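**Student:** I'm passing along target.txt; it holds compact mmCIF, C-alpha atoms.
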```
# COMPACT_ATOMS: atom_id res chain seq x y z
CA MET A 1 23.98 -53.61 46.11
CA ILE A 2 27.08 -53.75 44.00
CA TYR A 3 26.38 -57.18 42.46
CA PHE A 4 22.96 -56.05 41.28
CA LYS A 5 24.43 -52.86 39.86
CA LEU A 6 27.14 -54.82 38.05
CA PHE A 7 24.57 -57.22 36.61
CA PHE A 8 22.24 -54.43 35.55
CA GLU A 9 24.93 -52.26 33.93
CA PHE A 10 26.36 -55.15 31.92
CA PHE A 11 22.85 -56.40 31.09
CA LYS A 12 22.22 -52.98 29.55
CA ILE A 13 25.44 -53.21 27.54
CA GLY A 14 24.51 -56.71 26.36
CA LEU A 15 21.07 -55.51 25.34
CA PHE A 16 22.37 -52.74 23.11
CA SER A 17 25.50 -54.32 21.67
CA ILE A 18 24.43 -54.81 18.08
CA GLY A 19 26.97 -55.35 15.33
CA GLY A 20 29.42 -57.86 16.78
CA GLY A 21 32.80 -57.72 18.48
CA LEU A 22 33.82 -54.15 19.07
CA ALA A 23 30.23 -52.87 19.05
CA THR A 24 30.39 -53.11 22.84
CA LEU A 25 33.18 -50.52 22.87
CA PRO A 26 31.14 -47.29 22.92
CA LEU A 27 29.02 -48.71 25.74
CA LEU A 28 32.05 -49.91 27.69
CA GLN A 29 33.69 -46.54 27.29
CA GLN A 30 30.63 -44.93 28.80
CA LEU A 31 31.13 -47.18 31.80
CA VAL A 32 34.60 -45.67 32.15
CA GLU A 33 33.14 -42.21 32.52
CA LYS A 34 30.07 -43.10 34.54
CA TYR A 35 31.46 -45.27 37.32
CA GLY A 36 35.23 -45.23 36.97
CA TRP A 37 35.18 -49.01 37.34
CA ILE A 38 37.84 -49.16 34.67
CA THR A 39 40.14 -46.49 33.22
CA ASN A 40 40.50 -45.62 29.54
CA GLN A 41 44.01 -47.03 29.72
CA GLN A 42 42.78 -50.33 31.15
CA LEU A 43 40.10 -50.50 28.48
CA LEU A 44 42.80 -50.12 25.82
CA ASP A 45 44.84 -52.89 27.46
CA MET A 46 41.73 -55.07 27.60
CA ILE A 47 41.16 -54.60 23.87
CA ALA A 48 44.74 -55.75 23.25
CA VAL A 49 44.19 -58.81 25.46
CA SER A 50 40.75 -59.56 24.01
CA GLU A 51 41.95 -59.32 20.43
CA SER A 52 44.77 -61.75 21.22
CA THR A 53 42.85 -64.31 23.25
CA PRO A 54 39.66 -66.29 22.74
CA GLY A 55 36.38 -64.72 23.83
CA PRO A 56 34.58 -61.53 22.85
CA ILE A 57 35.85 -58.26 24.27
CA GLY A 58 32.65 -57.55 26.20
CA ILE A 59 32.91 -60.79 28.18
CA ASN A 60 36.60 -60.19 28.87
CA VAL A 61 36.03 -56.64 30.06
CA ALA A 62 32.98 -57.65 32.13
CA THR A 63 35.00 -60.34 33.89
CA PHE A 64 37.88 -57.96 34.48
CA VAL A 65 35.68 -55.14 35.79
CA GLY A 66 33.65 -57.46 38.02
CA TYR A 67 36.74 -59.09 39.49
CA ASN A 68 38.74 -55.90 39.76
CA THR A 69 36.12 -53.69 41.36
CA VAL A 70 34.37 -56.28 43.56
CA ASP A 71 35.63 -59.85 43.81
CA LEU A 72 35.51 -63.27 42.17
CA LEU A 73 31.72 -63.36 42.39
CA GLY A 74 31.62 -59.97 40.67
CA GLY A 75 33.82 -61.45 37.94
CA ILE A 76 31.19 -64.14 37.41
CA ILE A 77 28.07 -61.97 37.70
CA ALA A 78 29.16 -59.20 35.28
CA PRO A 79 29.72 -61.48 32.23
CA ILE A 80 26.47 -63.32 33.01
CA GLY A 81 24.71 -59.95 32.98
CA LEU A 82 26.30 -59.15 29.63
CA ALA A 83 25.32 -62.47 28.02
CA THR A 84 21.77 -62.71 29.43
CA PRO A 85 20.04 -60.36 26.93
CA SER A 86 21.56 -62.22 23.97
CA VAL A 87 20.39 -65.56 25.35
CA ILE A 88 16.86 -64.25 25.89
CA ILE A 89 16.70 -62.54 22.50
CA ILE A 90 18.11 -65.52 20.60
CA VAL A 91 15.67 -67.91 22.31
CA ILE A 92 12.73 -65.65 21.36
CA VAL A 93 14.02 -65.23 17.82
CA ALA A 94 14.57 -68.97 17.40
CA ARG A 95 11.14 -69.75 18.79
CA TYR A 96 8.96 -67.23 16.99
CA PHE A 97 10.71 -65.76 14.01
CA ILE A 98 12.20 -68.30 11.68
CA ARG A 99 12.84 -65.81 8.91
CA PHE A 100 12.89 -62.81 11.15
CA ASN A 101 15.75 -61.08 9.37
CA GLU A 102 13.51 -60.72 6.33
CA HIS A 103 10.87 -58.89 8.35
CA PRO A 104 10.72 -55.22 7.26
CA ILE A 105 10.87 -53.91 10.82
CA VAL A 106 13.91 -56.00 11.71
CA LYS A 107 15.55 -55.17 8.40
CA GLY A 108 14.87 -51.48 8.91
CA ALA A 109 16.06 -51.45 12.51
CA LEU A 110 19.29 -53.29 11.73
CA GLY A 111 19.82 -51.18 8.63
CA GLY A 112 19.62 -48.07 10.79
CA VAL A 113 21.61 -49.39 13.73
CA ARG A 114 24.58 -50.73 11.76
CA PRO A 115 25.79 -47.42 10.26
CA ALA A 116 25.14 -45.72 13.62
CA VAL A 117 27.22 -48.31 15.49
CA ALA A 118 29.99 -47.80 12.93
CA GLY A 119 29.84 -44.08 13.80
CA LEU A 120 29.93 -44.85 17.53
CA ILE A 121 32.97 -47.09 17.16
CA GLY A 122 34.48 -44.42 14.91
CA PHE A 123 34.16 -42.02 17.80
CA VAL A 124 35.89 -44.48 20.16
CA ALA A 125 38.68 -44.89 17.59
CA PHE A 126 38.99 -41.11 17.47
CA GLU A 127 39.09 -40.78 21.27
CA VAL A 128 41.64 -43.57 21.70
CA GLY A 129 43.69 -42.44 18.71
CA LYS A 130 43.91 -38.91 20.04
CA GLY A 131 45.85 -40.18 23.05
CA GLU A 132 48.12 -42.59 21.18
CA LEU A 133 48.87 -41.11 17.76
CA VAL A 134 50.76 -38.18 19.17
CA ASP A 135 53.84 -38.05 16.96
CA PHE A 136 55.16 -38.84 13.51
CA LYS A 137 56.65 -42.17 14.59
CA ALA A 138 53.29 -43.33 15.98
CA MET A 139 51.49 -42.22 12.80
CA ILE A 140 53.87 -44.24 10.62
CA LEU A 141 53.45 -47.44 12.64
CA PHE A 142 49.68 -46.86 12.72
CA SER A 143 49.46 -46.39 8.94
CA ILE A 144 51.56 -49.47 8.18
CA LEU A 145 49.58 -51.62 10.62
CA LEU A 146 46.22 -50.40 9.34
CA TYR A 147 47.27 -51.19 5.76
CA LEU A 148 48.43 -54.70 6.72
CA ILE A 149 45.39 -55.47 8.89
CA ASN A 150 43.01 -54.32 6.18
CA LYS A 151 44.82 -56.14 3.40
CA TYR A 152 45.78 -59.47 4.95
CA GLU A 153 43.15 -60.00 7.70
CA LYS A 154 45.33 -62.33 9.78
CA HIS A 155 44.70 -62.95 13.48
CA PRO A 156 44.99 -59.69 15.46
CA ILE A 157 47.63 -61.19 17.75
CA LEU A 158 50.10 -61.23 14.85
CA TYR A 159 49.80 -57.49 14.37
CA LEU A 160 49.98 -56.78 18.08
CA VAL A 161 53.13 -58.89 18.48
CA GLY A 162 54.61 -57.11 15.47
CA ALA A 163 53.65 -53.73 16.93
CA ALA A 164 55.25 -54.69 20.26
CA MET A 165 58.49 -55.66 18.51
CA VAL A 166 58.57 -52.44 16.51
CA GLY A 167 57.89 -50.60 19.77
CA ILE A 168 60.90 -52.22 21.42
CA ILE A 169 63.28 -51.89 18.49
CA PHE A 170 62.44 -48.26 17.69
CA LYS A 171 61.87 -47.25 21.32
CA TYR A 172 58.28 -45.98 21.08
CA MET B 1 61.55 -52.44 27.28
CA VAL B 2 58.06 -53.46 28.42
CA GLN B 3 56.84 -49.90 28.17
CA HIS B 4 58.11 -49.62 24.58
CA ALA B 5 56.34 -52.88 23.73
CA PHE B 6 53.08 -51.62 25.23
CA ALA B 7 53.39 -48.31 23.42
CA GLY B 8 53.61 -50.27 20.16
CA ILE B 9 50.70 -52.53 21.13
CA LYS B 10 48.46 -49.56 21.90
CA ILE B 11 49.07 -48.12 18.45
CA GLY B 12 48.23 -51.59 17.11
CA VAL B 13 44.95 -51.56 19.05
CA VAL B 14 44.01 -48.20 17.55
CA ALA B 15 44.72 -49.62 14.08
CA LEU B 16 42.52 -52.67 14.85
CA ILE B 17 39.63 -50.45 15.94
CA VAL B 18 39.97 -48.20 12.89
CA ASP B 19 40.01 -51.32 10.69
CA VAL B 20 36.73 -52.47 12.27
CA VAL B 21 35.21 -49.06 11.51
CA ILE B 22 36.37 -49.28 7.89
CA LYS B 23 34.93 -52.79 7.50
CA MET B 24 31.65 -51.81 9.17
CA TRP B 25 31.46 -48.83 6.84
CA ASP B 26 31.97 -51.09 3.82
CA HIS B 27 29.30 -53.55 4.96
CA SER B 28 26.64 -51.28 6.37
CA VAL B 29 26.90 -47.81 4.90
CA GLN B 30 25.36 -48.37 1.52
CA ASN B 31 23.72 -45.06 0.71
CA TYR B 32 23.33 -41.47 1.88
CA PHE B 33 21.08 -42.44 4.77
CA GLY B 34 23.88 -44.62 6.08
CA VAL B 35 26.42 -41.83 5.71
CA VAL B 36 24.15 -39.43 7.58
CA LEU B 37 23.49 -41.97 10.36
CA PHE B 38 27.23 -42.64 10.67
CA LEU B 39 28.14 -38.95 10.91
CA VAL B 40 25.26 -37.98 13.17
CA SER B 41 25.99 -40.73 15.69
CA PHE B 42 29.68 -39.82 15.70
CA LEU B 43 28.84 -36.17 16.33
CA LEU B 44 26.16 -36.88 18.95
CA LEU B 45 28.77 -38.70 21.02
CA ALA B 46 31.55 -36.24 20.31
CA VAL B 47 29.69 -32.97 20.73
CA ILE B 48 26.89 -33.47 23.22
CA GLU B 49 28.16 -36.72 24.78
CA LEU B 50 24.84 -38.46 24.30
CA SER B 51 24.49 -41.99 25.63
CA PRO B 52 25.33 -44.63 22.97
CA ILE B 53 22.14 -46.45 24.00
CA VAL B 54 20.03 -43.46 22.95
CA VAL B 55 21.88 -43.29 19.63
CA ILE B 56 21.40 -47.03 18.99
CA VAL B 57 17.68 -46.97 19.83
CA GLY B 58 17.18 -43.76 17.82
CA SER B 59 18.97 -45.08 14.75
CA GLY B 60 16.96 -48.31 14.92
CA LEU B 61 13.71 -46.31 14.97
CA ILE B 62 14.86 -44.15 12.07
CA GLY B 63 15.78 -47.31 10.16
CA ILE B 64 12.32 -48.77 10.78
CA ILE B 65 10.59 -45.57 9.64
CA ILE B 66 12.69 -45.36 6.49
CA GLN B 67 12.09 -49.03 5.68
CA ILE B 68 8.34 -48.94 6.32
CA LYS B 69 7.79 -45.72 4.44
CA GLY B 70 9.70 -47.30 1.59
CA ILE B 71 11.95 -44.28 1.28
CA ASN B 72 15.04 -46.37 0.98
CA ASP B 73 16.24 -49.91 1.48
CA LEU B 74 18.80 -49.32 4.21
CA ASP B 75 19.65 -52.94 4.67
CA LYS B 76 20.44 -54.72 1.48
CA GLY B 77 22.34 -57.53 3.10
CA SER B 78 21.47 -60.21 5.58
CA LEU B 79 22.19 -60.73 9.26
CA ASP B 80 25.44 -62.55 8.71
CA GLN B 81 27.08 -59.34 7.61
CA GLY B 82 28.52 -58.92 11.10
CA THR B 83 32.09 -57.84 11.52
CA ASP B 84 32.74 -60.05 14.49
CA GLN B 85 36.36 -61.03 14.43
CA GLU B 86 36.50 -63.31 17.44
```
Write out the structure in this file as structure tokens.

**Tutor:**
Amino acid sequence: MIYFKLFFEFFKIGLFSIGGGLATLPLLQQLVEKYGWITNQQLLDMIAVSESTPGPIGINVATFVGYNTVDLLGGIIAPIGLATPSVIIIVIVARYFIRFNEHPIVKGALGGVRPAVAGLIGFVAFEVGKGELVDFKAMILFSILLYLINKYEKHPILYLVGAAMVGIIFKY
Amino acid sequence: MVQHAFAGIKIGVVALIVDVVIKMWDHSVQNYFGVVLFLVSFLLLAVIELSPIVVIVGSGLIGIIIQIKGINDLDKGSLDQGTDQE
């Protein structure tokens, strides 16, 4: 049953998304390849939308995929599937481990997972960049944007609007 | 015009993702173990297309082993080191 499958797949993503925000990306990209529920292009568009609007990217993509591939109910079930593991884990953590982040096992696990997730997102960046940074003009805009984002840390929507304007003016 | 705007936006999205990687690197890769974990997970996805779930579980286990054996303190920070930008 498609609703069950949707719930289960996004539950899995929710369970293994450690490291905030874009940590869901490698797992979402796998969804692209596995089921074709969403294309790489759509995923890229969703990142642009998610970075410009409230709500984490995973929830936005889950809603989009559920609605797009099934129906409104799918659009409700998929984000619930994604959020469920976090709710369960946080309730357990709050109940039993007050200072759980000081526990050696938790410290060790997170210490190992964080650099790995950075590598996974690095791979997504590489995959996405391969398709977009195809010429000199794109590289220049990319470099300027990356410098500004890293230096000023304003809301992503500012950079995306700027990038859109540069795209129009210089005919990207 | 719309297509030019979207072409610009997509480049912007790539820059945002790369920025997240740079920030995660700064926060979480604090020694050679971190560098190795970063590179190995990148390559496992790139070369043999391993599932990210396997990489995440594996790296967690390696982190636990390293921590318990006292080889190295992988995690010098606290939980609120996240790079969540929402």

**Student:** Determine, counting only C-alpha atoms, which protein, DNA and RNA residues have an atom within 6 Å of an atom of segment 68-84 of chain A; residues of the same chain fewer than 6 positions away are not included. Present the result as a ChimeraX atom specification.

**Tutor:** /A:6-7,10-11,14,59,62

**Student:** Please, could you write that set of residues out with C-alpha atoms as a PDB file, in the frame of the given file?

**Tutor:**
```pdb
ATOM      1  CA  LEU A   6      27.140 -54.820  38.050  1.00  0.00           C
ATOM      2  CA  PHE A   7      24.570 -57.220  36.610  1.00  0.00           C
ATOM      3  CA  PHE A  10      26.360 -55.150  31.920  1.00  0.00           C
ATOM      4  CA  PHE A  11      22.850 -56.400  31.090  1.00  0.00           C
ATOM      5  CA  GLY A  14      24.510 -56.710  26.360  1.00  0.00           C
ATOM      6  CA  ILE A  59      32.910 -60.790  28.180  1.00  0.00           C
ATOM      7  CA  ALA A  62      32.980 -57.650  32.130  1.00  0.00           C
TER       8      ALA A  62
END
```

**Student:** In Å, with one decimal, what is the gap from atom CA of Leu145 of chain A to atom CA of Val13 of chain B?

**Tutor:**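 Calculated distance between atom CA of Leu145 of chain A and atom CA of Val13 of chain B is 9.6 Å.
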
**Student:** When you count all atoms listed in the file, which of these residues is closest to Pro156 of chain A: A:Ala48, A:Val87, A:Ala125, A:Leu31?

**Tutor:**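 Of A:Ala48, A:Val87, A:Ala125, A:Leu31, the one nearest Pro156 of chain A is A:Ala48, counting all atoms listed in the file.
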
**Student:** Could you please determine the separation between atom CA of Tyr32 of chain B and atom CA of Gly60 of chain B in Å, to one decimal place?

**Tutor:**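 It comes out at 16.0 Å.
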
**Student:** Could you tell me how far atom CA of Ala7 of chain B sits from atom CA of Gly167 of chain A, in Å to one decimal place?

**Tutor:**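 Interatomic distance here is 6.2 Å.
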